[in-house]
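Asks: Just one file: coords.txt, with compact mmCIF, C-alpha atoms and all ligand atoms.
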```
# COMPACT_ATOMS: atom_id res chain seq x y z
CA MET A 1 143.75 171.43 29.09
CA LYS A 2 143.40 167.92 27.69
CA LYS A 3 146.45 166.76 25.76
CA TYR A 4 146.03 164.76 22.56
CA ASN A 5 148.48 162.41 20.90
CA MET A 6 148.63 163.17 17.19
CA ILE A 7 150.01 161.64 14.03
CA ALA A 8 150.83 163.61 10.88
CA PRO A 9 151.48 161.42 7.80
CA CYS A 10 153.81 162.98 5.23
CA ILE A 11 155.69 162.29 1.99
CA PHE A 12 158.70 159.98 2.49
CA GLY A 13 161.79 162.15 2.85
CA VAL A 14 159.92 165.07 4.41
CA GLU A 15 159.70 163.71 8.00
CA GLY A 16 162.54 165.88 9.43
CA ILE A 17 161.22 169.04 7.80
CA LEU A 18 157.72 168.34 9.12
CA ALA A 19 159.03 167.59 12.63
CA ASP A 20 160.83 170.98 12.71
CA GLU A 21 157.74 172.74 11.41
CA LEU A 22 155.48 171.13 14.05
CA ARG A 23 157.93 172.21 16.78
CA ARG A 24 157.78 175.78 15.43
CA ILE A 25 153.97 175.62 15.46
CA GLY A 26 154.11 174.63 19.14
CA ALA A 27 153.85 170.83 19.22
CA ASP A 28 155.28 168.80 22.12
CA ASP A 29 156.88 165.34 22.15
CA VAL A 30 157.71 165.55 18.42
CA ASN A 31 159.08 162.31 17.01
CA ALA A 32 159.77 161.66 13.31
CA GLU A 33 159.19 158.14 11.99
CA ASN A 34 159.09 156.69 8.47
CA GLY A 35 156.41 158.58 6.54
CA ARG A 36 154.91 160.27 9.60
CA VAL A 37 155.56 162.45 12.62
CA LEU A 38 154.12 161.82 16.08
CA PHE A 39 153.47 164.77 18.38
CA SER A 40 151.17 165.99 21.11
CA GLY A 41 149.32 169.13 22.07
CA ASP A 42 146.01 170.54 23.25
CA ALA A 43 142.93 171.39 21.15
CA SER A 44 144.51 174.61 19.87
CA MET A 45 147.38 172.53 18.47
CA ILE A 46 144.85 170.51 16.42
CA ALA A 47 143.68 173.77 14.83
CA ALA A 48 147.18 175.27 14.55
CA ALA A 49 148.62 172.19 12.83
CA ASN A 50 145.76 172.02 10.30
CA ILE A 51 145.90 175.72 9.49
CA ASN A 52 149.69 176.18 9.43
CA SER A 53 151.36 172.97 8.28
CA ARG A 54 152.84 173.14 4.77
CA PHE A 55 154.25 169.61 4.86
CA ALA A 56 151.74 167.34 6.68
CA GLU A 57 149.24 165.40 4.57
CA ARG A 58 146.68 165.39 7.40
CA ILE A 59 146.44 165.59 11.18
CA MET A 60 145.12 162.50 12.95
CA LEU A 61 144.33 162.00 16.64
CA ASN A 62 145.75 158.78 18.04
CA LEU A 63 142.85 157.29 20.04
CA GLY A 64 144.83 154.30 21.25
CA THR A 65 147.31 151.57 20.40
CA PHE A 66 147.20 147.88 21.31
CA ARG A 67 148.35 144.49 20.05
CA ALA A 68 145.91 142.17 18.21
CA MET A 69 146.44 138.89 16.41
CA THR A 70 142.83 137.69 16.40
CA PHE A 71 139.49 139.33 15.58
CA THR A 72 138.51 138.97 19.26
CA GLU A 73 141.60 140.91 20.35
CA LEU A 74 140.86 143.55 17.71
CA PHE A 75 137.23 143.86 18.87
CA ASP A 76 138.14 144.01 22.58
CA GLY A 77 140.98 146.48 21.99
CA VAL A 78 138.76 148.93 20.10
CA LYS A 79 135.85 148.52 22.55
CA ALA A 80 138.14 149.44 25.46
CA LEU A 81 138.94 152.88 23.94
CA PRO A 82 137.04 155.95 25.29
CA LEU A 83 135.37 156.72 21.94
CA GLU A 84 132.57 158.71 23.58
CA GLU A 85 135.13 161.45 24.39
CA TYR A 86 135.26 162.12 20.64
CA ILE A 87 132.03 160.81 19.08
CA SER A 88 128.62 162.15 20.10
CA VAL A 89 125.42 160.15 19.80
CA LYS A 90 124.40 161.54 16.36
CA ASP A 91 127.85 161.75 14.79
CA ALA A 92 128.76 159.68 11.74
CA PHE A 93 131.79 157.46 12.29
CA PRO A 94 132.84 155.62 9.11
CA VAL A 95 135.83 153.30 9.41
CA LYS A 96 138.68 152.61 6.98
CA GLY A 97 142.19 151.31 7.41
CA TRP A 98 145.14 149.21 6.33
CA SER A 99 147.28 146.34 7.52
CA ILE A 100 150.93 145.46 6.80
CA ASN A 101 152.92 142.38 7.91
CA SER A 102 150.22 141.29 10.37
CA GLN A 103 148.14 138.24 11.23
CA LEU A 104 144.98 140.28 10.63
CA HIS A 105 145.28 141.10 6.95
CA SER A 106 141.74 141.11 5.52
CA ILE A 107 140.90 144.81 5.41
CA PRO A 108 137.11 144.39 4.89
CA ASP A 109 136.93 141.99 7.88
CA CYS A 110 139.03 144.27 10.12
CA GLN A 111 136.91 147.23 9.01
CA SER A 112 133.66 145.54 10.01
CA ILE A 113 135.09 144.30 13.36
CA VAL A 114 136.33 147.80 14.23
CA LYS A 115 132.98 149.31 13.31
CA LYS A 116 131.10 146.70 15.39
CA ALA A 117 133.37 147.32 18.39
CA CYS A 118 132.81 151.11 18.14
CA VAL A 119 129.03 150.56 17.96
CA GLU A 120 129.11 148.22 20.99
CA ARG A 121 131.13 150.73 23.02
CA LEU A 122 128.85 153.65 22.14
CA LYS A 123 125.66 151.56 22.65
CA THR A 124 126.64 150.94 26.28
CA VAL A 125 127.60 154.58 26.91
CA TYR A 126 124.66 156.25 25.12
CA LYS A 127 122.10 153.56 26.09
CA THR A 128 120.78 153.21 22.55
CA ASN A 129 120.67 150.40 19.99
CA TRP A 130 120.52 152.62 16.92
CA PHE A 131 122.91 155.29 15.65
CA GLU A 132 121.45 157.47 12.91
CA GLU A 133 124.90 158.90 12.06
CA THR A 134 123.44 162.12 10.65
CA GLY A 135 125.88 164.41 12.46
CA PRO A 136 129.38 165.58 11.50
CA VAL A 137 131.63 162.94 9.96
CA HIS A 138 134.28 161.55 12.31
CA GLN A 139 136.41 159.46 9.97
CA LEU A 140 138.06 156.67 11.93
CA GLN A 141 141.15 155.00 10.52
CA PHE A 142 142.91 151.91 11.85
CA SER A 143 146.43 150.87 10.99
CA ILE A 144 147.79 147.42 11.78
CA MET A 145 151.55 147.12 11.52
CA LYS A 146 153.29 143.96 12.74
CA ASP A 147 150.14 143.16 14.79
CA GLN A 148 150.18 146.56 16.49
CA VAL A 149 146.82 148.29 16.03
CA THR A 150 146.40 152.07 16.15
CA LEU A 151 142.96 153.67 15.94
CA MET A 152 142.99 157.24 14.66
CA LEU A 153 140.46 160.02 14.11
CA ASP A 154 141.01 162.26 11.08
CA THR A 155 140.75 165.95 12.03
CA THR A 156 141.51 167.23 8.51
CA GLY A 157 138.89 165.90 6.04
CA HIS A 158 140.14 166.70 2.57
CA GLY A 159 143.94 166.37 2.49
CA LEU A 160 146.08 169.29 3.64
CA HIS A 161 147.82 169.36 0.24
CA LYS A 162 144.57 170.72 -1.16
CA ARG A 163 145.16 174.41 -0.54
CA GLY A 164 142.21 175.49 -2.67
CA TYR A 165 144.15 177.30 -5.41
CA ARG A 166 144.60 174.40 -7.78
CA ALA A 167 141.17 173.28 -8.91
CA ASN A 168 142.73 173.57 -12.35
CA SER A 169 145.87 171.64 -13.00
CA ASN A 170 147.95 170.41 -15.90
CA MET A 171 148.71 166.76 -16.60
CA ALA A 172 151.56 166.23 -14.12
CA PRO A 173 151.33 168.67 -11.23
CA ILE A 174 153.65 168.25 -8.29
CA LYS A 175 151.91 167.82 -4.92
CA GLU A 176 151.69 171.09 -3.01
CA THR A 177 153.28 169.51 0.09
CA LEU A 178 156.26 168.30 -1.98
CA ALA A 179 156.66 171.68 -3.70
CA ALA A 180 156.61 173.33 -0.26
CA ALA A 181 159.25 170.88 1.02
CA MET A 182 161.52 171.69 -1.95
CA CYS A 183 161.09 175.40 -1.22
CA ASP A 184 161.92 174.82 2.45
CA ILE A 185 165.10 172.91 1.55
CA ALA A 186 166.16 175.66 -0.90
CA ARG A 187 165.21 178.36 1.66
CA ILE A 188 162.80 181.09 0.69
CA TYR A 189 163.14 184.62 2.09
CA PRO A 190 160.85 187.65 1.73
CA ASP A 191 163.24 189.03 -0.93
CA THR A 192 163.92 185.81 -2.88
CA LYS A 193 163.79 185.92 -6.69
CA ILE A 194 162.68 182.47 -7.79
CA PHE A 195 162.37 181.00 -11.30
CA ASP A 196 160.69 177.82 -12.51
CA PRO A 197 161.38 177.16 -16.23
CA PHE A 198 158.87 174.23 -16.25
CA CYS A 199 156.16 175.90 -14.18
CA GLY A 200 153.16 173.76 -15.28
CA SER A 201 150.30 174.88 -13.02
CA GLY A 202 152.61 177.08 -10.94
CA THR A 203 152.67 175.01 -7.75
CA ILE A 204 156.34 175.63 -6.85
CA LEU A 205 156.08 179.39 -7.45
CA ILE A 206 152.84 179.67 -5.48
CA GLU A 207 154.11 177.61 -2.52
CA ALA A 208 157.28 179.77 -2.50
CA ALA A 209 155.17 182.96 -2.51
CA LEU A 210 153.01 181.73 0.39
CA MET A 211 156.17 180.83 2.30
CA ALA A 212 157.83 184.21 1.58
CA LYS A 213 154.69 186.02 2.79
CA LYS A 214 154.47 183.73 5.81
CA GLN A 215 150.87 183.03 4.81
CA ALA A 216 149.49 179.84 6.37
CA PRO A 217 148.42 177.42 3.62
CA GLY A 218 145.21 176.44 5.41
CA LEU A 219 144.03 179.91 6.30
CA ARG A 220 141.11 179.79 3.85
CA GLN A 221 140.41 176.08 4.23
CA HIS A 222 137.90 174.28 6.44
CA PHE A 223 138.67 171.13 8.38
CA ALA A 224 136.61 168.15 9.59
CA ALA A 225 137.44 168.91 13.24
CA GLU A 226 135.76 172.33 13.03
CA ARG A 227 132.52 170.37 13.46
CA PHE A 228 133.75 168.20 16.34
CA SER A 229 131.84 168.99 19.54
CA PHE A 230 134.84 168.31 21.82
CA ILE A 231 136.79 171.22 20.30
CA ASP A 232 135.66 174.70 21.25
CA GLU A 233 134.84 176.79 18.14
CA LYS A 234 136.86 179.71 19.42
CA VAL A 235 140.06 177.67 19.12
CA TRP A 236 139.72 177.90 15.32
CA SER A 237 139.05 181.64 15.20
CA GLU A 238 141.95 182.30 17.58
CA GLN A 239 144.35 180.23 15.47
CA ARG A 240 143.15 181.86 12.23
CA ALA A 241 143.64 185.32 13.75
CA ALA A 242 147.14 184.36 14.94
CA ALA A 243 148.00 183.09 11.43
CA MET A 244 146.64 186.32 9.87
CA ASP A 245 148.87 188.39 12.17
CA LYS A 246 151.97 186.61 10.88
CA ILE A 247 151.42 187.54 7.20
CA LEU A 248 154.02 189.99 5.88
CA PRO A 249 152.08 192.74 4.05
CA ASP A 250 154.81 193.93 1.69
CA ILE A 251 157.66 191.85 0.44
CA GLU A 252 160.15 192.13 -2.40
CA PHE A 253 159.72 188.47 -3.32
CA ARG A 254 159.32 187.77 -7.05
CA ALA A 255 158.44 184.52 -8.83
CA VAL A 256 158.81 183.96 -12.56
CA GLY A 257 157.50 180.90 -14.37
CA TYR A 258 158.01 179.74 -17.93
CA ASP A 259 156.45 176.86 -19.80
CA ILE A 260 156.38 175.80 -23.43
CA ASP A 261 152.62 175.24 -23.17
CA PRO A 262 150.47 178.43 -23.24
CA GLU A 263 147.72 176.60 -21.33
CA CYS A 264 150.16 176.02 -18.43
CA VAL A 265 151.14 179.68 -18.36
CA LYS A 266 147.45 180.61 -18.18
CA LEU A 267 146.94 178.07 -15.36
CA THR A 268 149.88 179.41 -13.37
CA LEU A 269 148.48 182.95 -13.52
CA GLU A 270 144.94 181.79 -12.65
CA ASN A 271 146.16 179.67 -9.73
CA ALA A 272 148.38 182.46 -8.39
CA LYS A 273 145.32 184.69 -8.36
CA LYS A 274 143.26 182.07 -6.52
CA ALA A 275 146.04 181.77 -3.93
CA GLY A 276 146.10 185.58 -3.52
CA VAL A 277 149.75 185.88 -4.63
CA GLU A 278 149.25 187.19 -8.20
CA LYS A 279 151.11 190.37 -7.23
CA TYR A 280 154.32 188.37 -6.93
CA VAL A 281 153.98 185.86 -9.77
CA ARG A 282 154.71 186.41 -13.47
CA ALA A 283 154.53 183.72 -16.15
CA GLU A 284 155.32 183.57 -19.86
CA VAL A 285 155.49 181.05 -22.67
CA ARG A 286 159.13 180.11 -23.21
CA ASP A 287 161.06 177.05 -24.27
CA VAL A 288 163.75 176.14 -21.72
CA LYS A 289 166.38 176.45 -24.46
CA ASP A 290 165.73 180.22 -24.38
CA PHE A 291 165.87 180.42 -20.57
CA LYS A 292 168.01 183.27 -19.25
CA LEU A 293 168.51 184.36 -15.66
CA PRO A 294 168.98 188.03 -14.77
CA GLU A 295 172.10 189.36 -13.03
CA GLY A 296 172.31 188.96 -9.27
CA ARG A 297 171.12 186.43 -6.71
CA THR A 298 168.50 184.07 -8.11
CA LEU A 299 167.04 180.73 -7.18
CA VAL A 300 165.70 178.10 -9.60
CA ILE A 301 163.45 175.37 -8.24
CA THR A 302 161.98 173.11 -10.85
CA ASN A 303 160.27 169.85 -11.70
CA PRO A 304 161.09 169.09 -15.36
CA PRO A 305 159.19 166.44 -17.34
CA TYR A 306 160.11 162.91 -16.23
CA GLY A 307 159.40 160.92 -19.34
CA GLU A 308 157.80 157.59 -18.63
CA ARG A 309 158.14 155.79 -21.97
CA LEU A 310 161.55 155.23 -23.57
CA LEU A 311 161.03 157.89 -26.23
CA ASP A 312 159.98 160.40 -23.56
CA ILE A 313 162.98 159.46 -21.39
CA ARG A 314 165.30 160.35 -24.29
CA ALA A 315 163.45 163.66 -24.67
CA ALA A 316 163.76 164.30 -20.90
CA GLU A 317 167.50 163.59 -21.10
CA GLU A 318 167.80 166.16 -23.92
CA LEU A 319 166.02 168.68 -21.68
CA TYR A 320 168.48 167.95 -18.82
CA LYS A 321 171.35 168.67 -21.26
CA THR A 322 169.71 171.93 -22.29
CA MET A 323 169.25 172.87 -18.62
CA GLY A 324 172.95 172.25 -18.01
CA ASN A 325 173.69 174.74 -20.79
CA VAL A 326 171.26 177.48 -19.76
CA PHE A 327 171.76 177.29 -15.96
CA PRO A 328 175.05 179.20 -15.57
CA GLN A 329 177.49 178.20 -12.85
CA GLU A 330 177.88 181.62 -11.24
CA GLN A 331 178.14 183.23 -7.85
CA GLY A 332 174.66 183.76 -6.35
CA LYS A 333 172.85 181.31 -8.64
CA LYS A 334 171.30 178.25 -7.02
CA TYR A 335 169.46 175.37 -8.70
CA TYR A 336 167.18 172.74 -7.17
CA VAL A 337 165.95 170.16 -9.67
CA ILE A 338 163.78 167.17 -8.76
CA SER A 339 164.17 164.15 -11.03
CA PRO A 340 163.70 160.37 -10.84
CA HIS A 341 166.49 159.83 -13.40
CA ASP A 342 169.47 158.03 -11.79
CA GLU A 343 171.84 159.72 -14.22
CA PHE A 344 170.44 163.24 -14.10
CA GLU A 345 173.88 164.73 -13.36
CA LYS A 346 175.44 162.98 -16.36
CA PHE A 347 173.05 164.71 -18.75
CA PHE A 348 172.98 168.00 -16.82
CA GLY A 349 176.78 167.99 -16.98
CA ARG A 350 177.61 168.82 -13.35
CA LYS A 351 177.63 166.85 -10.13
CA PRO A 352 175.18 168.29 -7.58
CA ASP A 353 176.64 169.75 -4.36
CA LYS A 354 174.10 167.65 -2.53
CA LYS A 355 171.26 165.24 -3.27
CA ARG A 356 168.24 164.42 -1.19
CA LYS A 357 165.76 161.59 -1.67
CA LEU A 358 162.13 162.65 -1.95
CA TYR A 359 159.09 160.74 -3.17
CA ASN A 360 156.80 162.25 -5.79
CA GLY A 361 153.79 159.98 -5.20
CA MET A 362 155.21 156.48 -5.64
CA ILE A 363 158.15 157.69 -7.72
CA LYS A 364 161.51 157.80 -5.93
CA CYS A 365 163.26 161.04 -6.91
CA ASP A 366 166.40 162.98 -6.08
CA LEU A 367 166.39 166.66 -5.36
CA ASN A 368 169.62 167.66 -7.12
CA MET A 369 171.01 170.73 -5.39
CA TYR A 370 173.56 173.14 -6.86
CA PHE A 371 174.30 175.94 -4.44
CA LYS A 372 178.05 176.51 -4.27
C1 LIG B 1 156.28 167.88 -14.68
S1 LIG B 1 155.52 169.26 -15.39
C2 LIG B 1 155.73 170.52 -14.21
C3 LIG B 1 154.58 170.52 -13.24
C4 LIG B 1 154.59 171.67 -12.26
N1 LIG B 1 155.65 171.54 -11.27
C5 LIG B 1 153.22 171.76 -11.58
O1 LIG B 1 153.16 171.61 -10.37
O2 LIG B 1 152.22 171.89 -12.27
C6 LIG B 1 156.65 169.73 -16.64
C7 LIG B 1 156.24 170.94 -17.47
O3 LIG B 1 157.29 171.19 -18.42
C8 LIG B 1 156.71 171.75 -19.59
N2 LIG B 1 157.72 171.60 -20.70
C9 LIG B 1 157.98 170.50 -21.44
N3 LIG B 1 158.98 170.76 -22.31
C10 LIG B 1 159.36 172.05 -22.12
C11 LIG B 1 160.34 172.90 -22.70
N4 LIG B 1 161.12 172.47 -23.68
N5 LIG B 1 160.47 174.16 -22.23
C12 LIG B 1 159.66 174.61 -21.23
N6 LIG B 1 158.68 173.86 -20.66
C13 LIG B 1 158.54 172.60 -21.08
C14 LIG B 1 155.42 171.00 -19.76
O4 LIG B 1 154.50 171.75 -20.51
C15 LIG B 1 154.97 170.78 -18.30
O5 LIG B 1 154.06 171.77 -17.90
```
What does this structure look like when you write it as structure tokens?
Replies:
Amino acid sequence: MKKYNMIAPCIFGVEGILADELRRIGADDVNAENGRVLFSGDASMIAAANINSRFAERIMLNLGTFRAMTFTELFDGVKALPLEEYISVKDAFPVKGWSINSQLHSIPDCQSIVKKACVERLKTVYKTNWFEETGPVHQLQFSIMKDQVTLMLDTTGHGLHKRGYRANSNMAPIKETLAAAMCDIARIYPDTKIFDPFCGSGTILIEAALMAKKQAPGLRQHFAAERFSFIDEKVWSEQRAAAMDKILPDIEFRAVGYDIDPECVKLTLENAKKAGVEKYVRAEVRDVKDFKLPEGRTLVITNPPYGERLLDIRAAEELYKTMGNVFPQEQGKKYYVISPHDEFEKFFGRKPDKKRKLYNGMIKCDLNMYFK
């Protein structure tokens, strides 16, 4: 079985969680770096990672790495790669990429050199001067970091955070991959009772439900690599069947969402239905000041409003104060609150047992954890 080197980009702060997940899925040579995890595996690992990963943004094949400081070196480096092992004569192979701290910094120029080098390589192999590119899209992506070039092939297509349940979303939804990471940190079990008092479009509750059921997030999604001729079709059906087998049919898990906005409550219920977890998710209109947890073990994971303008920041701080009042400090009650506010704990009124840095898009946040 041919072994592929792969790269899974992820949200900053999630690298360790993703590395553990990829090991569980069956990856070899797993190595976490800043904002990405490197790993290897055969063709079934390409399918398994796309179908099962909750934390990766996409799964890329690493086609080769070399050093380049001039356009000639870039051209020669790309032309030396065995592209024909991945790209057939009719396939489309668009190129995009980025460069950081490198001699070669003009992206449009690098893009056209990489494309020309690919064409030259494939011309020689396929003995043709013209590529119609009408076949499946093989998105190539180069990265140039400190003059080190890596050429990658995207196996995912649309990002893995798009699970298919959130066509509808409110103004400030949290990314599915980040919500899943917060759930992983807080630990979700098949009998967890989770609450989100600022549920918005329901992302945290839905990701928690999928995790509790052990339902792979990509089970109903399709991926670019399903149309790649070098991957046997049966690899995908085998991996989907294996993921189906892991789903727990009956769990005691319950998720409850509240939001002050009736539209958000409606969205949460609609999205839960789309995700196939409506049986476990309840949502109601409620102001956080009226939030009340039931007796017993409960978990709150939430993403309250951030407030971007000064007036909104003051309002967000008032909400943090209210949360401090309505989140009782009791045995069996755990709270995980993501916030970019440096002084969250001052307004909330209690120092978190632990904090963890996570990025919500470009915004640096802390996951404030209260679990003792
Ligand atoms: C950052 S969004 C949450 C987004 C959510 N995690 C998602 O993925 O869609 C914050 C939510 O808090 C709600 N909200 C604002 N003030 C509130 C209050 N006083 N009580 C309850 N919900 C409130 C807003 O309507 C909004 O949906």
Asks: Write as a list in words the residues around ligand LIG 1 (chain B), taking 6 Å as the cut-off and counting only C-alpha atoms and all ligand atoms.
Replies: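 Going residue by residue within 6 Å of ligand LIG 1 (chain B), we get Asn170, Ala172, Pro173, Ile174, Pro197, Phe198, Cys199, Gly200, Ser201, Gly202, Thr203, Asp259, Ile260, Asp261, Cys264, Arg286, Asp287, Val288, Asn303, Pro304 and Pro305 of chain A.
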Asks: Could you build a table of the residues in segment 201-272 of chain A lying no more than 12 Å from segment 85-95 of chain A, giving for each the nearest pair of atoms and their separation in Å rounded to one decimal place, using all atoms listed in the file, ordered by chain and ascending residue number, as JSON lines?
Replies:
```
{"residue": "A:Ala224", "atom": "CA", "partner": "A:Ala92", "partner_atom": "CA", "distance": 11.7}
{"residue": "A:Ala225", "atom": "CA", "partner": "A:Tyr86", "partner_atom": "CA", "distance": 10.3}
{"residue": "A:Arg227", "atom": "CA", "partner": "A:Asp91", "partner_atom": "CA", "distance": 9.9}
{"residue": "A:Phe228", "atom": "CA", "partner": "A:Tyr86", "partner_atom": "CA", "distance": 7.6}
{"residue": "A:Ser229", "atom": "CA", "partner": "A:Ser88", "partner_atom": "CA", "distance": 7.6}
{"residue": "A:Phe230", "atom": "CA", "partner": "A:Tyr86", "partner_atom": "CA", "distance": 6.3}
{"residue": "A:Ile231", "atom": "CA", "partner": "A:Tyr86", "partner_atom": "CA", "distance": 9.2}
```
Asks: Identify, on the basis of all atoms listed in the file, every residue whose closest approach to Leu367 of chain A does not exceed 7 Å; exclude the query and any residue fewer than 6 positions from it along the same chain; express the result as an MDAnalysis selection string.
Replies: chainID A and resid 336:339 355:358
Asks: My list of candidates is A:Ser53, A:Ala47, A:Lys321, A:Ser112. Which is closest to Arg24 of chain A when distances are computed with all atoms listed in the file?
Replies: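 Once distances to Arg24 of chain A are computed over all atoms listed in the file, the minimum belongs to A:Ser53.
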Asks: In terms of the shortest atom-to-atom distance over only C-alpha atoms, which of A:Ala48, A:Ala68, A:Ala27, A:Cys118 is closest to Leu81 of chain A?
Replies: A:Cys118
Asks: Would you kindly return, as a VMD selection string, each protein, DNA or RNA residue with an atom no farther than 8 Å from any atom of Asp184 of chain A, considering all atoms listed in the file and excluding same-chain residues fewer than 4 positions away?
Replies: chain A and resid 17 180 188
Asks: Separation of atom CA of Ile313 of chain A and atom CA of Ala167 of chain A, in Å?
Replies: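 Spanning atom CA of Ile313 of chain A to atom CA of Ala167 of chain A is a straight-line distance of 28.7 Å.
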Asks: Pick out the closest residue to Leu61 of chain A from this set: A:Arg282, A:Lys127, A:Lys364, A:Lys3. Count only C-alpha atoms.
Replies: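 Smallest separation from Leu61 of chain A among the options: A:Lys3.
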Asks: Take segment 43-55 of chain A, bring it up to N, CA and C atoms, and give me the output as a compact mmCIF listing (two decimals), in the frame of the given file.
Replies:
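out.txt written:
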```txt
# COMPACT_ATOMS: atom_id res chain seq x y z
N ALA A 43 143.86 171.19 22.27
CA ALA A 43 142.93 171.39 21.15
C ALA A 43 143.41 172.51 20.22
N SER A 44 144.07 173.54 20.78
CA SER A 44 144.51 174.61 19.87
C SER A 44 145.61 174.12 18.93
N MET A 45 146.35 173.10 19.35
CA MET A 45 147.38 172.53 18.47
C MET A 45 146.73 171.79 17.29
N ILE A 46 145.56 171.19 17.53
CA ILE A 46 144.85 170.51 16.42
C ILE A 46 144.54 171.56 15.33
N ALA A 47 144.02 172.70 15.78
CA ALA A 47 143.68 173.77 14.83
C ALA A 47 144.95 174.36 14.21
N ALA A 48 145.95 174.64 15.05
CA ALA A 48 147.18 175.27 14.55
C ALA A 48 147.87 174.40 13.51
N ALA A 49 147.93 173.08 13.77
CA ALA A 49 148.62 172.19 12.83
C ALA A 49 147.86 172.14 11.50
N ASN A 50 146.53 172.05 11.55
CA ASN A 50 145.76 172.02 10.30
C ASN A 50 145.91 173.31 9.50
N ILE A 51 145.86 174.43 10.19
CA ILE A 51 145.90 175.72 9.49
C ILE A 51 147.31 176.03 8.96
N ASN A 52 148.34 175.69 9.75
CA ASN A 52 149.69 176.18 9.43
C ASN A 52 150.62 175.20 8.72
N SER A 53 150.35 173.90 8.81
CA SER A 53 151.36 172.97 8.28
C SER A 53 151.42 173.00 6.75
N ARG A 54 152.62 173.19 6.22
CA ARG A 54 152.84 173.14 4.77
C ARG A 54 153.21 171.74 4.31
N PHE A 55 153.63 170.88 5.25
CA PHE A 55 154.25 169.61 4.86
C PHE A 55 153.45 168.38 5.28
```
